[in-house]
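Chemist: Below you'll find run11.cif; it's mmCIF, C-alpha atoms and all ligand atoms.
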data_final
#
loop_
_atom_site.label_atom_id
_atom_site.label_comp_id
_atom_site.auth_asym_id
_atom_site.auth_seq_id
_atom_site.Cartn_x
_atom_site.Cartn_y
_atom_site.Cartn_z
CA LEU A 673 -3.05 37.19 -58.94
CA PHE A 674 -5.05 34.37 -57.42
CA THR A 675 -8.57 35.80 -57.41
CA ALA A 676 -9.67 33.64 -60.34
CA VAL A 677 -8.02 30.47 -59.08
CA GLU A 678 -10.60 27.76 -58.65
CA MET A 679 -10.58 25.17 -55.90
CA ALA A 680 -9.39 21.92 -57.44
CA PRO A 681 -11.29 18.73 -56.61
CA ARG A 682 -9.91 16.48 -53.91
CA ASP A 683 -7.70 13.65 -55.21
CA PRO A 684 -10.01 10.65 -55.59
CA ILE A 685 -7.52 8.31 -53.86
CA LEU A 686 -5.03 10.23 -51.72
CA GLY A 687 -7.72 12.78 -50.77
CA LEU A 688 -9.51 9.99 -48.91
CA ASN A 689 -6.57 9.71 -46.51
CA ASP A 690 -7.29 13.20 -45.13
CA GLN A 691 -10.94 12.38 -44.65
CA PHE A 692 -9.99 9.08 -43.00
CA ALA A 693 -7.54 10.79 -40.63
CA ALA A 694 -10.25 13.24 -39.52
CA ASP A 695 -12.84 10.48 -38.93
CA ASN A 696 -13.53 9.76 -35.25
CA ASN A 697 -15.19 6.39 -35.85
CA PRO A 698 -13.20 3.90 -33.68
CA ASN A 699 -13.98 1.13 -36.19
CA LYS A 700 -12.76 3.02 -39.24
CA VAL A 701 -10.92 1.02 -41.92
CA ASN A 702 -8.95 2.56 -44.77
CA LEU A 703 -9.48 0.48 -47.92
CA GLY A 704 -9.06 3.57 -50.08
CA VAL A 705 -5.42 3.89 -50.97
CA GLY A 706 -3.40 0.98 -52.40
CA VAL A 707 -1.24 0.26 -49.39
CA TYR A 708 -0.47 -3.10 -47.77
CA PHE A 709 -1.03 -3.36 -44.02
CA ASP A 710 -0.17 -6.46 -42.02
CA ASP A 711 -2.62 -8.48 -39.94
CA ASN A 712 -2.18 -6.01 -37.06
CA GLY A 713 -3.14 -3.14 -39.33
CA LYS A 714 0.47 -1.90 -39.35
CA LEU A 715 2.43 -0.66 -42.33
CA PRO A 716 5.32 -3.14 -42.48
CA LEU A 717 8.97 -2.09 -42.37
CA LEU A 718 10.49 -5.07 -44.15
CA GLN A 719 13.32 -6.98 -42.45
CA CYS A 720 15.42 -6.77 -45.61
CA VAL A 721 14.99 -2.98 -45.62
CA GLN A 722 15.96 -2.77 -41.94
CA ALA A 723 19.05 -4.92 -42.58
CA ALA A 724 20.10 -2.76 -45.53
CA GLU A 725 19.53 0.43 -43.54
CA LYS A 726 21.49 -0.91 -40.57
CA ALA A 727 24.45 -1.67 -42.84
CA MET A 728 24.17 1.84 -44.25
CA MET A 729 24.08 3.39 -40.79
CA ASP A 730 27.12 1.38 -39.74
CA LYS A 731 28.99 2.98 -42.64
CA PRO A 732 27.41 6.41 -43.05
CA THR A 733 28.02 8.18 -46.33
CA ALA A 734 27.64 11.83 -47.33
CA ARG A 735 24.75 12.73 -49.63
CA GLY A 736 26.09 14.23 -52.82
CA TYR A 737 24.01 14.73 -55.93
CA LEU A 738 23.16 11.49 -57.68
CA PRO A 739 23.68 11.19 -61.41
CA ILE A 740 20.63 12.50 -63.29
CA ASP A 741 19.51 8.96 -64.09
CA GLY A 742 20.05 7.76 -60.52
CA ILE A 743 22.19 5.14 -58.80
CA ALA A 744 23.77 2.81 -61.39
CA ALA A 745 23.44 -0.23 -59.11
CA TYR A 746 19.75 0.59 -58.69
CA ASP A 747 19.12 1.02 -62.41
CA ASN A 748 20.92 -2.25 -63.11
CA GLY A 749 18.95 -3.99 -60.36
CA VAL A 750 15.71 -2.77 -61.95
CA LYS A 751 16.81 -3.98 -65.39
CA ALA A 752 17.63 -7.41 -63.99
CA LEU A 753 14.32 -7.65 -62.14
CA VAL A 754 12.13 -6.43 -64.98
CA PHE A 755 13.88 -7.92 -68.01
CA GLY A 756 16.17 -10.61 -66.56
CA ALA A 757 19.88 -10.07 -65.88
CA GLU A 758 20.83 -12.64 -68.51
CA SER A 759 18.28 -11.55 -71.09
CA ASP A 760 19.55 -10.58 -74.54
CA VAL A 761 17.85 -7.23 -74.33
CA VAL A 762 19.79 -6.28 -71.19
CA LYS A 763 23.08 -7.86 -72.27
CA SER A 764 23.01 -6.11 -75.62
CA GLY A 765 22.48 -2.73 -73.90
CA ARG A 766 19.08 -2.07 -75.47
CA VAL A 767 17.38 -1.06 -72.22
CA SER A 768 17.69 2.46 -70.81
CA THR A 769 16.60 2.59 -67.20
CA VAL A 770 16.37 5.71 -65.07
CA GLN A 771 15.57 5.97 -61.38
CA ALA A 772 12.31 7.84 -60.94
CA VAL A 773 10.34 9.47 -58.15
CA GLY A 774 7.99 6.53 -57.68
CA GLY A 775 6.07 4.76 -60.42
CA THR A 776 4.22 8.02 -61.00
CA GLY A 777 7.55 9.68 -61.74
CA GLY A 778 8.40 6.93 -64.22
CA LEU A 779 5.11 7.50 -66.01
CA LYS A 780 5.66 11.25 -66.10
CA ILE A 781 9.21 11.01 -67.47
CA GLY A 782 7.96 8.65 -70.17
CA ALA A 783 4.97 10.87 -70.95
CA ASP A 784 7.14 14.00 -71.31
CA PHE A 785 9.62 12.17 -73.54
CA LEU A 786 6.83 10.73 -75.71
CA LYS A 787 5.28 14.17 -76.08
CA LYS A 788 8.53 15.45 -77.56
CA LEU A 789 8.85 12.40 -79.82
CA ASN A 790 5.32 12.33 -81.13
CA PRO A 791 3.41 15.45 -80.05
CA ASN A 792 0.25 14.57 -81.96
CA ALA A 793 -0.15 11.04 -80.66
CA LYS A 794 -3.22 10.15 -78.67
CA VAL A 795 -3.01 8.14 -75.44
CA LEU A 796 -5.36 5.29 -74.62
CA ILE A 797 -5.86 4.08 -71.07
CA SER A 798 -8.07 1.20 -69.91
CA ASP A 799 -11.67 1.88 -68.94
CA PRO A 800 -11.41 2.12 -65.98
CA SER A 801 -7.79 2.79 -65.09
CA TRP A 802 -5.75 4.06 -62.17
CA GLU A 803 -7.22 7.49 -61.46
CA ASN A 804 -3.90 9.25 -62.07
CA HIS A 805 -3.14 7.81 -65.55
CA ARG A 806 -5.42 10.18 -67.40
CA ALA A 807 -4.21 13.21 -65.45
CA ILE A 808 -0.51 12.40 -65.92
CA PHE A 809 -0.79 12.07 -69.69
CA GLN A 810 -3.16 15.03 -70.01
CA ASN A 811 -0.79 17.20 -68.02
CA ALA A 812 2.01 16.11 -70.36
CA GLY A 813 -0.15 17.62 -73.13
CA PHE A 814 -1.79 14.52 -74.60
CA GLU A 815 -5.38 13.92 -75.54
CA VAL A 816 -6.35 10.86 -73.50
CA ASP A 817 -9.08 8.42 -74.47
CA SER A 818 -9.85 4.93 -73.24
CA TYR A 819 -10.08 1.37 -74.54
CA LYS A 820 -12.73 -1.01 -73.27
CA TYR A 821 -11.60 -3.20 -70.40
CA TYR A 822 -14.06 -3.93 -67.61
CA ASP A 823 -17.28 -5.76 -68.29
CA ALA A 824 -19.42 -4.82 -65.29
CA ALA A 825 -22.39 -7.02 -66.21
CA ASN A 826 -20.29 -10.18 -66.33
CA ARG A 827 -17.69 -9.13 -63.76
CA ALA A 828 -14.99 -9.89 -66.29
CA ILE A 829 -12.86 -8.30 -68.99
CA ASN A 830 -14.41 -7.20 -72.24
CA PHE A 831 -11.48 -8.58 -74.20
CA GLU A 832 -13.18 -8.38 -77.59
CA GLY A 833 -13.97 -4.74 -76.94
CA MET A 834 -10.40 -4.11 -75.84
CA ILE A 835 -8.99 -5.65 -79.01
CA ALA A 836 -11.50 -3.82 -81.20
CA ASP A 837 -10.54 -0.46 -79.64
CA LEU A 838 -6.80 -1.13 -79.93
CA SER A 839 -7.24 -2.28 -83.53
CA ALA A 840 -9.04 0.96 -84.37
CA ALA A 841 -6.29 3.16 -82.88
CA ALA A 842 -4.12 5.27 -85.19
CA PRO A 843 -0.45 4.27 -85.62
CA GLY A 844 1.72 5.86 -82.95
CA THR A 845 -1.06 5.83 -80.35
CA VAL A 846 0.36 5.30 -76.89
CA VAL A 847 -1.44 2.47 -75.11
CA VAL A 848 -1.08 2.35 -71.34
CA LEU A 849 -1.35 -1.27 -70.17
CA HIS A 850 -1.30 -2.67 -66.64
CA ALA A 851 1.37 -5.37 -66.70
CA CYS A 852 -0.19 -7.19 -63.74
CA CYS A 853 -2.69 -6.69 -60.92
CA HIS A 854 -4.94 -4.30 -62.84
CA ASN A 855 -5.70 -1.17 -60.86
CA PRO A 856 -8.58 -0.66 -60.07
CA THR A 857 -10.45 -3.78 -61.21
CA GLY A 858 -8.18 -6.65 -60.10
CA TYR A 859 -8.88 -8.43 -63.41
CA ASP A 860 -5.85 -9.37 -65.53
CA ILE A 861 -5.88 -10.72 -69.05
CA THR A 862 -4.43 -14.21 -69.64
CA PRO A 863 -1.03 -14.92 -71.25
CA ALA A 864 -2.81 -15.97 -74.47
CA GLN A 865 -4.74 -12.70 -74.45
CA TRP A 866 -1.49 -10.79 -73.96
CA ASP A 867 -0.21 -12.49 -77.13
CA LYS A 868 -3.20 -11.12 -78.99
CA VAL A 869 -2.66 -7.62 -77.56
CA ILE A 870 0.97 -7.76 -78.63
CA GLU A 871 -0.06 -8.85 -82.11
CA VAL A 872 -2.35 -5.83 -82.44
CA VAL A 873 0.19 -3.41 -80.93
CA LYS A 874 2.72 -4.65 -83.47
CA ALA A 875 0.40 -4.76 -86.49
CA LYS A 876 -1.03 -1.30 -85.82
CA GLY A 877 2.24 0.37 -84.89
CA LEU A 878 1.07 1.34 -81.40
CA VAL A 879 3.41 2.29 -78.55
CA ALA A 880 2.99 0.10 -75.48
CA PHE A 881 3.56 1.79 -72.12
CA LEU A 882 3.42 -0.89 -69.44
CA ASP A 883 2.73 0.23 -65.90
CA MET A 884 4.03 -2.42 -63.50
CA ALA A 885 3.51 -1.04 -60.00
CA TYR A 886 2.54 -4.36 -58.42
CA GLN A 887 5.14 -6.87 -59.58
CA GLY A 888 5.12 -9.75 -57.09
CA PHE A 889 1.56 -9.22 -55.84
CA GLY A 890 -0.11 -11.40 -58.45
CA TYR A 891 1.53 -14.80 -58.83
CA GLY A 892 5.19 -14.00 -58.09
CA LEU A 893 7.98 -11.74 -59.33
CA ALA A 894 8.89 -13.80 -62.38
CA GLU A 895 5.30 -14.76 -63.19
CA ASP A 896 4.05 -11.18 -63.02
CA GLY A 897 7.03 -9.86 -64.99
CA ALA A 898 6.67 -12.46 -67.77
CA VAL A 899 4.54 -10.16 -69.88
CA ILE A 900 7.48 -7.79 -70.34
CA ALA A 901 9.55 -10.57 -71.94
CA LYS A 902 6.67 -11.24 -74.32
CA PHE A 903 6.73 -7.65 -75.60
CA VAL A 904 10.51 -7.77 -75.91
CA ALA A 905 10.37 -11.08 -77.80
CA ALA A 906 7.96 -9.47 -80.25
CA GLY A 907 10.68 -6.93 -81.08
CA LEU A 908 8.70 -3.95 -79.79
CA ASN A 909 10.09 -0.68 -78.45
CA ILE A 910 8.30 -0.39 -75.13
CA PHE A 911 8.12 1.81 -72.06
CA VAL A 912 7.92 0.18 -68.61
CA SER A 913 7.30 2.16 -65.44
CA THR A 914 7.94 0.27 -62.21
CA SER A 915 7.64 0.96 -58.53
CA PHE A 916 8.99 -0.40 -55.26
CA SER A 917 6.43 1.48 -53.17
CA LYS A 918 4.33 -1.62 -52.55
CA SER A 919 6.79 -4.46 -53.05
CA PHE A 920 9.32 -2.96 -50.60
CA SER A 921 6.73 -1.14 -48.50
CA LEU A 922 8.72 2.02 -49.21
CA TYR A 923 5.79 4.23 -50.20
CA GLY A 924 7.18 7.49 -48.86
CA GLU A 925 10.65 7.00 -50.31
CA ARG A 926 9.28 7.34 -53.85
CA VAL A 927 11.41 4.64 -55.45
CA GLY A 928 10.44 3.87 -59.00
CA ALA A 929 11.93 3.66 -62.44
CA LEU A 930 11.30 4.06 -66.13
CA SER A 931 12.82 1.60 -68.61
CA VAL A 932 12.71 2.07 -72.35
CA VAL A 933 13.59 -0.67 -74.85
CA ALA A 934 15.37 0.57 -77.97
CA ASN A 935 16.54 -1.23 -81.11
CA ASP A 936 20.24 -1.22 -80.28
CA LYS A 937 22.81 0.07 -77.83
CA GLU A 938 23.50 3.27 -79.72
CA GLU A 939 19.80 4.11 -79.95
CA ALA A 940 19.39 3.31 -76.24
CA ALA A 941 22.16 5.80 -75.43
CA ARG A 942 20.36 8.52 -77.38
CA VAL A 943 17.09 7.70 -75.64
CA LEU A 944 18.81 7.83 -72.25
CA SER A 945 20.27 11.26 -73.06
CA GLN A 946 16.72 12.55 -73.71
CA LEU A 947 15.28 10.98 -70.57
CA LYS A 948 18.01 12.75 -68.63
CA ILE A 949 16.92 16.09 -70.07
CA VAL A 950 13.35 15.44 -68.95
CA ILE A 951 14.58 14.62 -65.43
CA ARG A 952 17.01 17.51 -65.21
CA THR A 953 14.33 20.01 -66.17
CA ASN A 954 11.77 18.56 -63.76
CA TYR A 955 13.63 17.80 -60.55
CA SER A 956 17.30 17.64 -61.53
CA ASN A 957 18.19 14.24 -60.08
CA PRO A 958 16.54 11.70 -57.78
CA PRO A 959 16.86 11.41 -53.98
CA THR A 960 19.38 9.01 -52.51
CA HIS A 961 17.97 6.96 -49.66
CA GLY A 962 15.21 4.77 -51.09
CA GLY A 963 17.16 3.91 -54.23
CA ALA A 964 20.22 3.01 -52.16
CA VAL A 965 18.16 0.70 -49.93
CA VAL A 966 16.54 -1.08 -52.87
CA ALA A 967 19.87 -1.39 -54.69
CA ALA A 968 21.46 -2.89 -51.56
CA VAL A 969 18.70 -5.49 -51.26
CA LEU A 970 18.47 -6.39 -54.95
CA ASN A 971 22.22 -6.80 -55.29
CA ASN A 972 22.81 -8.88 -52.15
CA PRO A 973 21.72 -12.53 -52.56
CA GLU A 974 20.83 -12.99 -48.89
CA LEU A 975 18.79 -9.78 -48.62
CA ARG A 976 17.23 -10.46 -51.98
CA ALA A 977 16.03 -13.89 -50.80
CA GLN A 978 14.69 -12.30 -47.63
CA TRP A 979 12.82 -9.71 -49.71
CA GLU A 980 11.26 -12.36 -51.93
CA ALA A 981 10.10 -14.27 -48.85
CA GLU A 982 8.60 -11.13 -47.28
CA LEU A 983 6.90 -10.18 -50.54
CA GLY A 984 5.57 -13.74 -50.80
CA GLU A 985 4.06 -13.42 -47.32
CA MET A 986 2.24 -10.26 -48.32
CA ARG A 987 0.94 -11.91 -51.49
CA VAL A 988 -0.30 -14.99 -49.64
CA ARG A 989 -1.96 -12.93 -46.90
CA ILE A 990 -3.84 -10.82 -49.44
CA LYS A 991 -5.15 -13.97 -51.11
CA ALA A 992 -6.28 -15.36 -47.76
CA MET A 993 -8.11 -12.10 -47.02
CA ARG A 994 -9.93 -12.33 -50.35
CA GLN A 995 -11.34 -15.71 -49.33
CA LYS A 996 -12.19 -14.40 -45.84
CA LEU A 997 -14.01 -11.48 -47.43
CA VAL A 998 -16.10 -13.79 -49.62
CA ASP A 999 -16.91 -16.05 -46.65
CA GLY A 1000 -17.55 -13.12 -44.33
CA LEU A 1001 -19.93 -11.42 -46.75
CA LYS A 1002 -21.91 -14.62 -47.05
CA ALA A 1003 -22.02 -15.02 -43.27
CA ALA A 1004 -23.14 -11.40 -42.95
CA GLY A 1005 -26.15 -12.18 -45.13
CA VAL A 1006 -25.09 -11.01 -48.58
CA GLN A 1007 -27.18 -13.09 -50.97
CA GLN A 1008 -25.38 -12.37 -54.23
CA ASP A 1009 -22.42 -14.46 -55.30
CA MET A 1010 -19.31 -12.52 -54.26
CA SER A 1011 -16.84 -15.25 -55.24
CA PHE A 1012 -15.54 -13.00 -58.03
CA ILE A 1013 -13.40 -11.40 -55.32
CA THR A 1014 -11.16 -14.48 -55.30
CA THR A 1015 -10.75 -14.47 -59.07
CA GLN A 1016 -9.43 -10.91 -58.91
CA ILE A 1017 -5.72 -10.51 -58.29
CA GLY A 1018 -3.37 -8.01 -56.65
CA MET A 1019 -4.24 -5.41 -54.05
CA PHE A 1020 -7.65 -4.36 -55.26
CA SER A 1021 -11.18 -5.58 -55.61
CA TYR A 1022 -13.62 -3.78 -57.84
CA SER A 1023 -16.59 -4.50 -55.62
CA GLY A 1024 -19.36 -3.47 -57.99
CA LEU A 1025 -20.75 -1.15 -55.29
CA SER A 1026 -22.16 2.17 -56.46
CA LYS A 1027 -20.90 5.60 -55.48
CA ASP A 1028 -23.89 6.00 -53.15
CA GLN A 1029 -23.08 2.72 -51.43
CA MET A 1030 -19.41 3.69 -51.09
CA VAL A 1031 -20.38 7.05 -49.58
CA ARG A 1032 -22.70 5.30 -47.11
CA LEU A 1033 -19.93 2.85 -46.20
CA ARG A 1034 -17.68 5.79 -45.40
CA ASN A 1035 -20.18 8.04 -43.63
CA GLU A 1036 -22.13 5.45 -41.67
CA PHE A 1037 -19.52 2.76 -41.02
CA GLY A 1038 -16.10 4.39 -41.42
CA VAL A 1039 -15.17 1.94 -44.21
CA TYR A 1040 -13.25 3.86 -46.85
CA GLY A 1041 -12.98 2.80 -50.48
CA THR A 1042 -12.96 4.92 -53.63
CA ASP A 1043 -16.21 6.26 -55.10
CA THR A 1044 -15.76 3.88 -58.03
CA GLY A 1045 -16.22 0.89 -55.71
CA ARG A 1046 -12.54 -0.05 -55.49
CA MET A 1047 -11.44 -1.56 -52.19
CA CYS A 1048 -7.89 -2.33 -51.15
CA VAL A 1049 -8.09 -5.91 -49.88
CA ALA A 1050 -4.44 -5.61 -48.78
CA ALA A 1051 -5.66 -3.49 -45.85
CA LEU A 1052 -8.07 -6.12 -44.54
CA ASN A 1053 -7.07 -8.10 -41.47
CA SER A 1054 -8.47 -10.60 -39.03
CA LYS A 1055 -9.61 -7.76 -36.72
CA ASN A 1056 -11.37 -5.48 -39.20
CA ILE A 1057 -12.84 -8.07 -41.59
CA ASP A 1058 -16.07 -8.62 -39.62
CA HIS A 1059 -16.82 -4.92 -39.43
CA VAL A 1060 -16.11 -4.52 -43.15
CA CYS A 1061 -18.31 -7.49 -44.09
CA LYS A 1062 -21.21 -6.35 -41.90
CA SER A 1063 -20.91 -2.80 -43.24
CA ILE A 1064 -20.93 -3.95 -46.88
CA ALA A 1065 -23.87 -6.23 -46.15
CA ALA A 1066 -25.76 -3.28 -44.68
CA VAL A 1067 -25.37 -1.13 -47.80
CA ILE A 1068 -25.93 -3.83 -50.41
C1 LIG A 1101 -3.45 3.58 -55.47
O1 LIG A 1101 -3.91 3.34 -56.60
O2 LIG A 1101 -4.15 3.67 -54.47
C2 LIG A 1101 -1.97 3.74 -55.30
O3 LIG A 1101 -1.33 3.54 -56.51
C3 LIG A 1101 -1.60 4.98 -54.62
C4 LIG A 1101 -1.77 6.20 -55.50
O4 LIG A 1101 -0.79 6.94 -55.65
O5 LIG A 1101 -2.84 6.43 -56.03
#
Since I need it in another form, could you write the structure as structure tokens?
Ligand code: LMR

Modeler:
Amino acid sequence: LFTAVEMAPRDPILGLNDQFAADNNPNKVNLGVGVYFDDNGKLPLLQCVQAAEKAMMDKPTARGYLPIDGIAAYDNGVKALVFGAESDVVKSGRVSTVQAVGGTGGLKIGADFLKKLNPNAKVLISDPSWENHRAIFQNAGFEVDSYKYYDAANRAINFEGMIADLSAAAPGTVVVLHACCHNPTGYDITPAQWDKVIEVVKAKGLVAFLDMAYQGFGYGLAEDGAVIAKFVAAGLNIFVSTSFSKSFSLYGERVGALSVVANDKEEAARVLSQLKIVIRTNYSNPPTHGGAVVAAVLNNPELRAQWEAELGEMRVRIKAMRQKLVDGLKAAGVQQDMSFITTQIGMFSYSGLSKDQMVRLRNEFGVYGTDTGRMCVAALNSKNIDHVCKSIAAVI
């Protein structure tokens, strides 16, 4: 049965974790996967999460099956966070939100539903994009192409190219957009540029699928989420996948969601019924713990404030590390201007290093980033920054 089965390539991001774990270099630093580590190099367990879990342990509950679309308090919490609790779109019942197995799960549910709706549509992702976007939509049966995004020569966004590619797309094309903290480049378009994107999406009849895995890591929860309100205000039917992996440091709990904006309440109910079929036929219904923790925090004003403060600390620390990286590279002798690192936003920096340089960083210095040159600045800290800077300086 399996004689013809080929060995699949290692995952370009998560596969690095295995290599990192097996590395004996005492100075090794994992800047490969998009995970936030604190200044001691530790994965944080947020205080708000601990408080919610303690309350849950004080009143243990049995674990029955969840509804197919997840915990209602969780789904409502997501709606409030992403669209605004008092927004018209939420109050009028136009948003269908389902709990998903991480942001990846949200993307997959949306992709499967879209494939049923419009099987011949093409999908466009940014060039470059998160490594998994192409695979998720291809595995859902779509042909996936890309729109221009990164301008390597100018270390900027090729916005004209992006608009030209979107304008040339056929009606019904699904366009995957990074709502904030673009992964992998760290370059986001401006609010005025978003307006232009929305204009094209609307004029050309495209379907916007916004991936918002990093809400809160750019400028703040409301600031990063503002783009969603812009799409809603334009009267568009959109898909939004969200994740609490990073913002709650709950990576392994796989807590994400998919929200779909319909024209009215009745349409939203029909959409929800279809999303539930996708879920039921994939994994039946979501797991309980992570969703319950997030729901408890989002729906309790005290815990919610604590979460926002903890998320703010992570955001501020990442920004400080960006500056330290720029300064450290200069001190380590890097001649070229690396200040672009501080204009990038979110967890990642697209360093501009080649695959060969990234491989050398890994093999000779134990500094792990992706082959594309992406480095997770959220894993830098005051202890590993010197080693990282000296290592980068040695390969540049
Ligand atoms: C990343 O881009 O590193 C994260 O989103 C983790 C993942 O699943 O790839």

Chemist: As a compact mmCIF listing (two decimals) with C-alpha atoms, in the frame of the given file, please: the residues near Asn855 (chain A) (cut-off 9 Å, all atoms listed in the file, same-chain neighbours under 6 positions excluded).

Modeler:
# COMPACT_ATOMS: atom_id res chain seq x y z
CA PRO A 800 -11.41 2.12 -65.98
CA SER A 801 -7.79 2.79 -65.09
CA TRP A 802 -5.75 4.06 -62.17
CA GLU A 803 -7.22 7.49 -61.46
CA GLY A 1018 -3.37 -8.01 -56.65
CA MET A 1019 -4.24 -5.41 -54.05
CA PHE A 1020 -7.65 -4.36 -55.26
CA SER A 1021 -11.18 -5.58 -55.61
CA TYR A 1022 -13.62 -3.78 -57.84
CA ARG A 1046 -12.54 -0.05 -55.49

Chemist: Looking at all atoms listed in the file, which of A:Val912, A:Leu673, A:Ala1050, A:Ile861 is the one that sits closest to Met986 (chain A)?

Modeler: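 For Met986 (chain A), the nearest of the candidates is A:Ala1050.
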
Chemist: Neighbouring residues of ligand LIG 1101 (chain A) are defined here as those with any atom at most 10 Å from a ligand atom, counting all atoms listed in the file; list them as a PDB file with C-alpha atoms, keeping the file's coordinate frame.

Modeler:
ATOM      1  CA  ASP A 683      -7.700  13.650 -55.210  1.00  0.00           C
ATOM      2  CA  PRO A 684     -10.010  10.650 -55.590  1.00  0.00           C
ATOM      3  CA  ILE A 685      -7.520   8.310 -53.860  1.00  0.00           C
ATOM      4  CA  LEU A 686      -5.030  10.230 -51.720  1.00  0.00           C
ATOM      5  CA  GLY A 687      -7.720  12.780 -50.770  1.00  0.00           C
ATOM      6  CA  LEU A 688      -9.510   9.990 -48.910  1.00  0.00           C
ATOM      7  CA  LEU A 703      -9.480   0.480 -47.920  1.00  0.00           C
ATOM      8  CA  GLY A 704      -9.060   3.570 -50.080  1.00  0.00           C
ATOM      9  CA  VAL A 705      -5.420   3.890 -50.970  1.00  0.00           C
ATOM     10  CA  GLY A 706      -3.400   0.980 -52.400  1.00  0.00           C
ATOM     11  CA  VAL A 707      -1.240   0.260 -49.390  1.00  0.00           C
ATOM     12  CA  GLY A 774       7.990   6.530 -57.680  1.00  0.00           C
ATOM     13  CA  GLY A 775       6.070   4.760 -60.420  1.00  0.00           C
ATOM     14  CA  THR A 776       4.220   8.020 -61.000  1.00  0.00           C
ATOM     15  CA  SER A 801      -7.790   2.790 -65.090  1.00  0.00           C
ATOM     16  CA  TRP A 802      -5.750   4.060 -62.170  1.00  0.00           C
ATOM     17  CA  GLU A 803      -7.220   7.490 -61.460  1.00  0.00           C
ATOM     18  CA  ASN A 804      -3.900   9.250 -62.070  1.00  0.00           C
ATOM     19  CA  HIS A 805      -3.140   7.810 -65.550  1.00  0.00           C
ATOM     20  CA  HIS A 854      -4.940  -4.300 -62.840  1.00  0.00           C
ATOM     21  CA  ASN A 855      -5.700  -1.170 -60.860  1.00  0.00           C
ATOM     22  CA  PRO A 856      -8.580  -0.660 -60.070  1.00  0.00           C
ATOM     23  CA  ALA A 885       3.510  -1.040 -60.000  1.00  0.00           C
ATOM     24  CA  TYR A 886       2.540  -4.360 -58.420  1.00  0.00           C
ATOM     25  CA  SER A 915       7.640   0.960 -58.530  1.00  0.00           C
ATOM     26  CA  SER A 917       6.430   1.480 -53.170  1.00  0.00           C
ATOM     27  CA  LYS A 918       4.330  -1.620 -52.550  1.00  0.00           C
ATOM     28  CA  TYR A 923       5.790   4.230 -50.200  1.00  0.00           C
ATOM     29  CA  MET A1019      -4.240  -5.410 -54.050  1.00  0.00           C
ATOM     30  CA  PHE A1020      -7.650  -4.360 -55.260  1.00  0.00           C
ATOM     31  CA  GLY A1041     -12.980   2.800 -50.480  1.00  0.00           C
ATOM     32  CA  THR A1042     -12.960   4.920 -53.630  1.00  0.00           C
ATOM     33  CA  ARG A1046     -12.540  -0.050 -55.490  1.00  0.00           C
ATOM     34  CA  MET A1047     -11.440  -1.560 -52.190  1.00  0.00           C
ATOM     35  CA  CYS A1048      -7.890  -2.330 -51.150  1.00  0.00           C
TER      36      CYS A1048
END

Chemist: Could you build a table of the residues in region 982-1007 of chain A lying no more than 9 Å from region 711-731 of chain A, giving for each the nearest pair of atoms and their separation in Å rounded to one decimal place, using only C-alpha atoms, ordered by chain and ascending residue number, as a tab-separated table?

Modeler:
residue	atom	partner	partner_atom	distance
A:Glu982	CA	A:Leu718	CA	7.1
A:Leu983	CA	A:Leu718	CA	8.9
A:Arg989	CA	A:Asp711	CA	8.3

Chemist: Just give me the gap between CA of Gly782 (chain A) and CA of Leu930 (chain A) in Å, one decimal is fine.

Modeler: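 Going from CA of Gly782 (chain A) over to CA of Leu930 (chain A) covers 7.0 Å.
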
Chemist: Name the closest residue to Val943 (chain A) among the candidates A:Gly765, A:Pro863, A:Gly844, A:Gly962; distances are taken between atoms, counting all atoms listed in the file.

Modeler: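 Distance minimum relative to Val943 (chain A) lands on A:Gly765.
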
Chemist: Go through A:Ala929, A:Val762, A:Cys1061, A:Ile949 one by one, measure the shortest atom-to-atom distance of each to Lys788 (chain A) using only C-alpha atoms, and give the residue with the smallest value.

Modeler: A:Ile949

Chemist: May I ask which of the residues A:Asn957, A:Tyr822, A:Asp784, A:Asp695 is the closest one to Gly736 (chain A), counting all atoms listed in the file?

Modeler: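 For Gly736 (chain A), the nearest of the candidates is A:Asn957.
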
Chemist: Using only the atoms of region 700-715 of chain A listed in the file, plus 8 Å on each side, state the axis-aligned box centre and edge lengths in Å rounded to one decimal, as lines of an AutoDock Vina configuration file.

Modeler:
center_x = -5.2
center_y = -2.3
center_z = -44.7
size_x = 31.2
size_y = 28.4
size_z = 31.3

Chemist: Please provide as a PyMOL selection string all residues within 12 Å of Ile829 (chain A), with the sequence filter that same-chain residues fewer than 2 positions apart are discarded (counting all atoms listed in the file).

Modeler: chain A and resi 798-800+819-827+831-835+854+857-862+865+1015-1016

Chemist: CA of Ile990 (chain A) to CA of Leu1052 (chain A): how many Å, to one decimal?

Modeler: 8.0 Å

Chemist: Identify which of the residues A:Val1039, A:Val1049, A:Ala676, A:Leu786 lies closest to Ala1066 (chain A), counting all atoms listed in the file when measuring atom-to-atom distances.

Modeler: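 Of A:Val1039, A:Val1049, A:Ala676, A:Leu786, the one nearest Ala1066 (chain A) is A:Val1039, counting all atoms listed in the file.
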
Chemist: Given all atoms listed in the file as the basis, pick out the residue of A:Ile900, A:Ala1003, A:Ala894, A:Ala680 nearest to Val933 (chain A).

Modeler: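 Counting all atoms listed in the file, the residue closest to Val933 (chain A) is A:Ile900.
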
Chemist: To one decimal place in Å, what is the distance between CA of Gln995 (chain A) and CA of Arg1034 (chain A)?

Modeler: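 Separation of CA of Gln995 (chain A) and CA of Arg1034 (chain A): 22.8 Å.
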